[in-house]
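Coordinates as given in target_2.pdb (PDB, C-alpha atoms):
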ATOM      1  CA  MET A  15       0.000   0.000   0.000  1.00  0.00           C
ATOM      2  CA  GLY A  16       1.518   3.345  -1.082  1.00  0.00           C
ATOM      3  CA  SER A  17       1.719   6.222   1.341  1.00  0.00           C
ATOM      4  CA  ARG A  18       0.014   9.516   0.570  1.00  0.00           C
ATOM      5  CA  LEU A  19       1.528  12.780   1.744  1.00  0.00           C
ATOM      6  CA  VAL A  20      -0.982  14.535   3.980  1.00  0.00           C
ATOM      7  CA  GLN A  21      -0.829  18.254   4.597  1.00  0.00           C
ATOM      8  CA  LEU A  22      -0.327  18.895   8.312  1.00  0.00           C
ATOM      9  CA  TYR A  23      -0.276  22.712   8.274  1.00  0.00           C
ATOM     10  CA  PRO A  24      -1.412  25.502   5.939  1.00  0.00           C
ATOM     11  CA  GLU A  25       1.168  26.374   3.300  1.00  0.00           C
ATOM     12  CA  ALA A  26       2.349  29.947   2.830  1.00  0.00           C
ATOM     13  CA  THR A  27       2.419  31.052  -0.808  1.00  0.00           C
ATOM     14  CA  VAL A  28       2.897  34.321  -2.697  1.00  0.00           C
ATOM     15  CA  GLY A  29       0.996  35.947  -5.558  1.00  0.00           C
ATOM     16  CA  ALA A  30       1.780  39.021  -7.658  1.00  0.00           C
ATOM     17  CA  LEU A  31      -0.455  41.629  -9.184  1.00  0.00           C
ATOM     18  CA  ILE A  32       2.097  42.949 -11.652  1.00  0.00           C
ATOM     19  CA  VAL A  33       1.612  46.518 -12.866  1.00  0.00           C
ATOM     20  CA  ASN A  34       3.209  47.829 -16.071  1.00  0.00           C
ATOM     21  CA  GLU A  35       4.092  51.396 -17.054  1.00  0.00           C
ATOM     22  CA  LYS A  36       0.595  51.898 -18.566  1.00  0.00           C
ATOM     23  CA  GLY A  37      -1.112  51.028 -15.280  1.00  0.00           C
ATOM     24  CA  GLU A  38      -2.286  47.670 -16.622  1.00  0.00           C
ATOM     25  CA  VAL A  39      -2.147  44.484 -14.568  1.00  0.00           C
ATOM     26  CA  LEU A  40      -1.035  41.047 -15.697  1.00  0.00           C
ATOM     27  CA  ILE A  41      -3.746  38.386 -15.501  1.00  0.00           C
ATOM     28  CA  VAL A  42      -2.870  34.797 -16.388  1.00  0.00           C
ATOM     29  CA  HIS A  43      -4.572  31.502 -17.086  1.00  0.00           C
ATOM     30  CA  SER A  44      -3.284  28.496 -15.181  1.00  0.00           C
ATOM     31  CA  LYS A  45      -4.643  24.987 -15.653  1.00  0.00           C
ATOM     32  CA  LYS A  46      -4.237  24.578 -11.887  1.00  0.00           C
ATOM     33  CA  TRP A  47      -7.259  26.862 -11.503  1.00  0.00           C
ATOM     34  CA  GLY A  48      -9.390  25.135 -14.137  1.00  0.00           C
ATOM     35  CA  GLU A  49     -10.941  27.645 -16.493  1.00  0.00           C
ATOM     36  CA  LYS A  50     -10.385  30.595 -14.146  1.00  0.00           C
ATOM     37  CA  PHE A  51      -7.905  33.449 -14.473  1.00  0.00           C
ATOM     38  CA  THR A  52      -5.411  34.193 -11.699  1.00  0.00           C
ATOM     39  CA  VAL A  53      -2.077  35.933 -11.018  1.00  0.00           C
ATOM     40  CA  PRO A  54       1.463  34.529 -11.123  1.00  0.00           C
ATOM     41  CA  GLY A  55       2.753  33.095  -7.879  1.00  0.00           C
ATOM     42  CA  GLY A  56       3.782  30.019  -5.999  1.00  0.00           C
ATOM     43  CA  HIS A  57       5.486  28.467  -3.038  1.00  0.00           C
ATOM     44  CA  ILE A  58       8.048  29.996  -0.742  1.00  0.00           C
ATOM     45  CA  GLU A  59      11.132  27.832  -0.539  1.00  0.00           C
ATOM     46  CA  LEU A  60      12.579  26.925   2.836  1.00  0.00           C
ATOM     47  CA  GLY A  61      14.863  29.749   3.999  1.00  0.00           C
ATOM     48  CA  GLU A  62      13.497  32.200   1.390  1.00  0.00           C
ATOM     49  CA  ARG A  63      11.927  35.569   2.223  1.00  0.00           C
ATOM     50  CA  ALA A  64       8.409  36.021   0.814  1.00  0.00           C
ATOM     51  CA  GLU A  65       9.519  39.126  -1.117  1.00  0.00           C
ATOM     52  CA  ASP A  66      12.314  37.163  -2.754  1.00  0.00           C
ATOM     53  CA  ALA A  67       9.946  34.283  -3.513  1.00  0.00           C
ATOM     54  CA  ILE A  68       7.517  36.472  -5.438  1.00  0.00           C
ATOM     55  CA  VAL A  69      10.279  38.064  -7.521  1.00  0.00           C
ATOM     56  CA  ARG A  70      11.607  34.551  -8.291  1.00  0.00           C
ATOM     57  CA  GLU A  71       8.162  33.127  -9.114  1.00  0.00           C
ATOM     58  CA  VAL A  72       7.338  36.055 -11.415  1.00  0.00           C
ATOM     59  CA  LYS A  73      10.630  35.572 -13.263  1.00  0.00           C
ATOM     60  CA  GLU A  74      10.199  31.788 -13.550  1.00  0.00           C
ATOM     61  CA  GLU A  75       6.581  31.898 -14.723  1.00  0.00           C
ATOM     62  CA  THR A  76       6.510  35.052 -16.872  1.00  0.00           C
ATOM     63  CA  GLY A  77      10.122  35.924 -17.694  1.00  0.00           C
ATOM     64  CA  LEU A  78       9.527  39.397 -16.223  1.00  0.00           C
ATOM     65  CA  ASP A  79      11.897  41.210 -13.938  1.00  0.00           C
ATOM     66  CA  SER A  80       9.820  42.825 -11.212  1.00  0.00           C
ATOM     67  CA  GLU A  81      10.120  44.880  -8.080  1.00  0.00           C
ATOM     68  CA  VAL A  82       7.972  44.442  -4.973  1.00  0.00           C
ATOM     69  CA  VAL A  83       5.889  47.519  -4.177  1.00  0.00           C
ATOM     70  CA  GLU A  84       3.946  46.259  -1.182  1.00  0.00           C
ATOM     71  CA  LEU A  85       2.158  43.391   0.502  1.00  0.00           C
ATOM     72  CA  LEU A  86      -1.465  44.322  -0.186  1.00  0.00           C
ATOM     73  CA  VAL A  87      -3.598  41.349   0.834  1.00  0.00           C
ATOM     74  CA  LEU A  88      -3.270  38.350   3.109  1.00  0.00           C
ATOM     75  CA  GLN A  89      -5.886  35.684   2.313  1.00  0.00           C
ATOM     76  CA  GLN A  90      -6.755  32.286   3.711  1.00  0.00           C
ATOM     77  CA  ALA A  91      -7.612  29.723   1.046  1.00  0.00           C
ATOM     78  CA  ILE A  92      -9.033  26.761   2.875  1.00  0.00           C
ATOM     79  CA  TYR A  93      -9.557  23.997   0.317  1.00  0.00           C
ATOM     80  CA  PRO A  94     -10.220  26.399  -2.591  1.00  0.00           C
ATOM     81  CA  LYS A  95     -12.997  24.991  -4.761  1.00  0.00           C
ATOM     82  CA  ASP A  96     -11.471  25.895  -8.134  1.00  0.00           C
ATOM     83  CA  TYR A  97      -7.913  24.773  -7.360  1.00  0.00           C
ATOM     84  CA  HIS A  98      -6.656  21.376  -8.537  1.00  0.00           C
ATOM     85  CA  LYS A  99      -5.467  20.373  -5.042  1.00  0.00           C
ATOM     86  CA  HIS A 100      -7.546  20.028  -1.882  1.00  0.00           C
ATOM     87  CA  GLU A 101      -5.172  21.910   0.413  1.00  0.00           C
ATOM     88  CA  HIS A 102      -5.087  24.847   2.818  1.00  0.00           C
ATOM     89  CA  TYR A 103      -3.024  27.896   1.807  1.00  0.00           C
ATOM     90  CA  ILE A 104      -2.117  31.296   3.177  1.00  0.00           C
ATOM     91  CA  PHE A 105      -1.825  33.676   0.195  1.00  0.00           C
ATOM     92  CA  MET A 106       0.505  36.648   0.619  1.00  0.00           C
ATOM     93  CA  ASP A 107      -0.470  38.852  -2.305  1.00  0.00           C
ATOM     94  CA  TYR A 108       1.996  41.516  -3.413  1.00  0.00           C
ATOM     95  CA  VAL A 109       1.712  44.415  -5.820  1.00  0.00           C
ATOM     96  CA  CYS A 110       4.789  44.350  -8.050  1.00  0.00           C
ATOM     97  CA  LYS A 111       6.098  46.772 -10.645  1.00  0.00           C
ATOM     98  CA  ALA A 112       7.141  45.252 -13.967  1.00  0.00           C
ATOM     99  CA  ARG A 113      10.384  46.478 -15.460  1.00  0.00           C
ATOM    100  CA  SER A 114       9.000  45.609 -18.928  1.00  0.00           C
ATOM    101  CA  SER A 115       5.812  44.197 -20.467  1.00  0.00           C
ATOM    102  CA  ASP A 116       7.585  41.525 -22.522  1.00  0.00           C
ATOM    103  CA  VAL A 117       6.037  38.351 -21.079  1.00  0.00           C
ATOM    104  CA  LYS A 118       7.576  34.965 -21.883  1.00  0.00           C
ATOM    105  CA  LEU A 119       5.430  32.279 -20.284  1.00  0.00           C
ATOM    106  CA  ASP A 120       7.201  29.224 -18.904  1.00  0.00           C
ATOM    107  CA  GLY A 121       4.770  26.887 -20.707  1.00  0.00           C
ATOM    108  CA  ARG A 122       4.295  24.712 -17.604  1.00  0.00           C
ATOM    109  CA  GLU A 123       2.562  26.792 -14.949  1.00  0.00           C
ATOM    110  CA  LEU A 124       0.778  29.334 -17.133  1.00  0.00           C
ATOM    111  CA  GLN A 125      -1.040  28.860 -20.433  1.00  0.00           C
ATOM    112  CA  SER A 126      -1.925  32.430 -21.473  1.00  0.00           C
ATOM    113  CA  TYR A 127      -1.845  36.026 -20.274  1.00  0.00           C
ATOM    114  CA  ILE A 128      -3.414  39.416 -20.809  1.00  0.00           C
ATOM    115  CA  TRP A 129      -2.476  42.944 -19.755  1.00  0.00           C
ATOM    116  CA  VAL A 130      -5.663  44.798 -18.765  1.00  0.00           C
ATOM    117  CA  LYS A 131      -6.788  47.826 -16.802  1.00  0.00           C
ATOM    118  CA  PRO A 132      -7.639  46.696 -13.265  1.00  0.00           C
ATOM    119  CA  GLU A 133     -11.353  47.453 -13.732  1.00  0.00           C
ATOM    120  CA  ASP A 134     -11.397  45.353 -16.912  1.00  0.00           C
ATOM    121  CA  ALA A 135      -9.765  42.461 -15.068  1.00  0.00           C
ATOM    122  CA  LEU A 136     -12.932  42.234 -12.966  1.00  0.00           C
ATOM    123  CA  LYS A 137     -14.875  41.429 -16.164  1.00  0.00           C
ATOM    124  CA  LEU A 138     -12.804  38.241 -16.590  1.00  0.00           C
ATOM    125  CA  ASP A 139     -13.635  34.896 -14.986  1.00  0.00           C
ATOM    126  CA  LEU A 140     -11.203  35.312 -12.092  1.00  0.00           C
ATOM    127  CA  GLU A 141     -10.815  32.803  -9.301  1.00  0.00           C
ATOM    128  CA  GLU A 142     -12.180  34.267  -6.068  1.00  0.00           C
ATOM    129  CA  TYR A 143      -8.845  35.136  -4.423  1.00  0.00           C
ATOM    130  CA  THR A 144      -7.580  37.013  -7.475  1.00  0.00           C
ATOM    131  CA  ARG A 145     -10.918  38.856  -7.653  1.00  0.00           C
ATOM    132  CA  ASN A 146     -10.460  39.948  -4.003  1.00  0.00           C
ATOM    133  CA  PHE A 147      -6.865  40.991  -4.754  1.00  0.00           C
ATOM    134  CA  VAL A 148      -7.802  43.104  -7.797  1.00  0.00           C
ATOM    135  CA  GLN A 149     -10.734  44.708  -5.959  1.00  0.00           C
ATOM    136  CA  GLU A 150      -8.482  45.664  -3.041  1.00  0.00           C
ATOM    137  CA  PHE A 151      -5.897  47.082  -5.472  1.00  0.00           C
ATOM    138  CA  ILE A 152      -8.568  49.268  -7.096  1.00  0.00           C
ATOM    139  CA  LEU A 153      -9.842  50.480  -3.702  1.00  0.00           C
ATOM    140  CA  ARG A 154      -6.313  51.267  -2.533  1.00  0.00           C
ATOM    141  CA  SER A 155      -5.558  53.155  -5.740  1.00  0.00           C
ATOM    142  CA  LYS A 156      -8.752  55.221  -5.381  1.00  0.00           C
ATOM    143  CA  ARG A 157      -7.964  56.026  -1.738  1.00  0.00           C
ATOM    144  CA  LEU A 158      -4.485  57.216  -2.730  1.00  0.00           C
ATOM    145  CA  LYS A 159      -5.909  59.322  -5.539  1.00  0.00           C
ATOM    146  CA  GLU A 160      -8.495  60.916  -3.264  1.00  0.00           C
ATOM    147  CA  SER A 161      -5.848  61.713  -0.660  1.00  0.00           C
ATOM    148  CA  GLY A 162      -3.509  63.189  -3.257  1.00  0.00           C
ATOM    149  CA  VAL A 163      -0.758  60.762  -2.307  1.00  0.00           C
ATOM    150  CA  ARG A 164       1.205  59.264  -5.154  1.00  0.00           C
ATOM    151  CA  ASP A 165       3.216  56.103  -4.620  1.00  0.00           C
ATOM    152  CA  GLU A 166       6.055  56.462  -7.123  1.00  0.00           C
ATOM    153  CA  ARG A 167       7.066  52.829  -6.664  1.00  0.00           C
ATOM    154  CA  ALA A 168       3.953  51.564  -8.465  1.00  0.00           C
ATOM    155  CA  GLY A 169       4.018  54.132 -11.248  1.00  0.00           C
ATOM    156  CA  PRO A 170       0.797  55.382 -12.848  1.00  0.00           C
ATOM    157  CA  ALA A 171      -1.265  52.533 -11.456  1.00  0.00           C
ATOM    158  CA  THR A 172      -1.685  54.292  -8.129  1.00  0.00           C
ATOM    159  CA  LEU A 173      -3.582  57.103  -9.814  1.00  0.00           C
ATOM    160  CA  LEU A 174      -6.182  55.210 -11.843  1.00  0.00           C
TER     161      LEU A 174
END

Represent the structure from my file as structure tokens, please.
Amino acid sequence: MGSRLVQLYPEATVGALIVNEKGEVLIVHSKKWGEKFTVPGGHIELGERAEDAIVREVKEETGLDSEVVELLVLQQAIYPKDYHKHEHYIFMDYVCKARSSDVKLDGRELQSYIWVKPEDALKLDLEEYTRNFVQEFILRSKRLKESGVRDERAGPATLL
């Protein structure tokens, strides 16, 4: 009888809402989420800082060099219904600034991508955690705009 690895604790993972110089965000399709759209991301390796993990995952999955702007959302994904594995995750979702828009998908993790305005991303069939992430990004951007504060790290995206 073969042994099956059982998850004993929630797993910490990172996700990136990547913003380009036009204020568009990168939305991707991953077969791991069925027919839903999501954001690039993945596991944190043992001994790795979360901020380093998201930069690494973005590079591996999209070919993009990116810079972390901020940790925007922390989400608990307890047996997510659309995900291919029945596991418990802690999603640390970061806003990242892309140094270019020249995406080169890895061909394993991600199947397609689109650069869209954040509001237009909400019109896509996003998995629920990405939808929460994009909505929070839009709210944060509007709050910054209303306050007159501009976060230069994120570029034009902070003033939608």

Inset, instruction - Do a neighbour search on A:Glu141 at 10 Å with all atoms listed in the file, toss out local chain neighbours closer than 4 positions, and write the hits as an MDAnalysis selection string. - result: chainID A and resid 47:53 94:97 145:146

Inset, instruction - Can you give me, as JSON, numbers by chain, the residues this file yields under the PyMOL selection byres ((chain A and resi 107) around 6)? - result: {"A": [28, 29, 30, 85, 86, 87, 105, 106, 108]}

Write the residues of the preceding selection, restricted to C-alpha atoms, as a short mmCIF file (atom, residue, chain, number, x, y, z; two decimals), in the coordinates of the input.
data_model
loop_
_atom_site.label_atom_id
_atom_site.label_comp_id
_atom_site.auth_asym_id
_atom_site.auth_seq_id
_atom_site.Cartn_x
_atom_site.Cartn_y
_atom_site.Cartn_z
CA VAL A 28 2.90 34.32 -2.70
CA GLY A 29 1.00 35.95 -5.56
CA ALA A 30 1.78 39.02 -7.66
CA LEU A 85 2.16 43.39 0.50
CA LEU A 86 -1.46 44.32 -0.19
CA VAL A 87 -3.60 41.35 0.83
CA PHE A 105 -1.82 33.68 0.20
CA MET A 106 0.50 36.65 0.62
CA TYR A 108 2.00 41.52 -3.41
#

Legend entry - Distance criterion (only C-alpha atoms): nearest to A:Tyr127 out of A:Ala91, A:Ile41, A:Ile152, A:Ile58: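 Closest residue, counting only C-alpha atoms: A:Ile41.
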
Legend entry - Closest of A:Leu60, A:Ile104, A:Lys156, A:Ile32 to A:Tyr143 - atom-to-atom distances counting all atoms listed in the file: A:Ile104

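Checking A:Val109, A:Ile68, A:Val83, A:Leu22 one by one against A:Thr144, counting all atoms listed in the file, you find the shortest gap at A:Val109.
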
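With all atoms listed in the file as the atoms that count, the residue of A:Leu119, A:Ile92, A:Ala64, A:Cys110 with the shortest distance to A:Gly77 is A:Leu119.
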
Using only C-alpha atoms, determine which residues lie at most 9 Å from A:Ser126, disregarding the query and same-chain residues fewer than 2 positions distant; provide the list as a PDB file with C-alpha atoms, keeping the file's coordinate frame.
ATOM      1  CA  ILE A  41      -3.746  38.386 -15.501  1.00  0.00           C
ATOM      2  CA  VAL A  42      -2.870  34.797 -16.388  1.00  0.00           C
ATOM      3  CA  HIS A  43      -4.572  31.502 -17.086  1.00  0.00           C
ATOM      4  CA  SER A  44      -3.284  28.496 -15.181  1.00  0.00           C
ATOM      5  CA  LEU A 119       5.430  32.279 -20.284  1.00  0.00           C
ATOM      6  CA  GLY A 121       4.770  26.887 -20.707  1.00  0.00           C
ATOM      7  CA  LEU A 124       0.778  29.334 -17.133  1.00  0.00           C
ATOM      8  CA  ILE A 128      -3.414  39.416 -20.809  1.00  0.00           C
TER       9      ILE A 128
END

Inset, instruction - Scan for residues within 12 Å of the point (11.9, 38.4, -21.5) in the coordinates of the file, using only C-alpha atoms, and reply as an MDAnalysis selection string. - result: chainID A and resid 72:80 112:120

Can you write out the residues you just picked, keeping C-alpha atoms, as a compact mmCIF listing (two decimals), in the coordinates of the input?
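Heads up, here's the output in again_17.txt:
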# COMPACT_ATOMS: atom_id res chain seq x y z
CA VAL A 72 7.34 36.06 -11.42
CA LYS A 73 10.63 35.57 -13.26
CA GLU A 74 10.20 31.79 -13.55
CA GLU A 75 6.58 31.90 -14.72
CA THR A 76 6.51 35.05 -16.87
CA GLY A 77 10.12 35.92 -17.69
CA LEU A 78 9.53 39.40 -16.22
CA ASP A 79 11.90 41.21 -13.94
CA SER A 80 9.82 42.82 -11.21
CA ALA A 112 7.14 45.25 -13.97
CA ARG A 113 10.38 46.48 -15.46
CA SER A 114 9.00 45.61 -18.93
CA SER A 115 5.81 44.20 -20.47
CA ASP A 116 7.58 41.52 -22.52
CA VAL A 117 6.04 38.35 -21.08
CA LYS A 118 7.58 34.97 -21.88
CA LEU A 119 5.43 32.28 -20.28
CA ASP A 120 7.20 29.22 -18.90
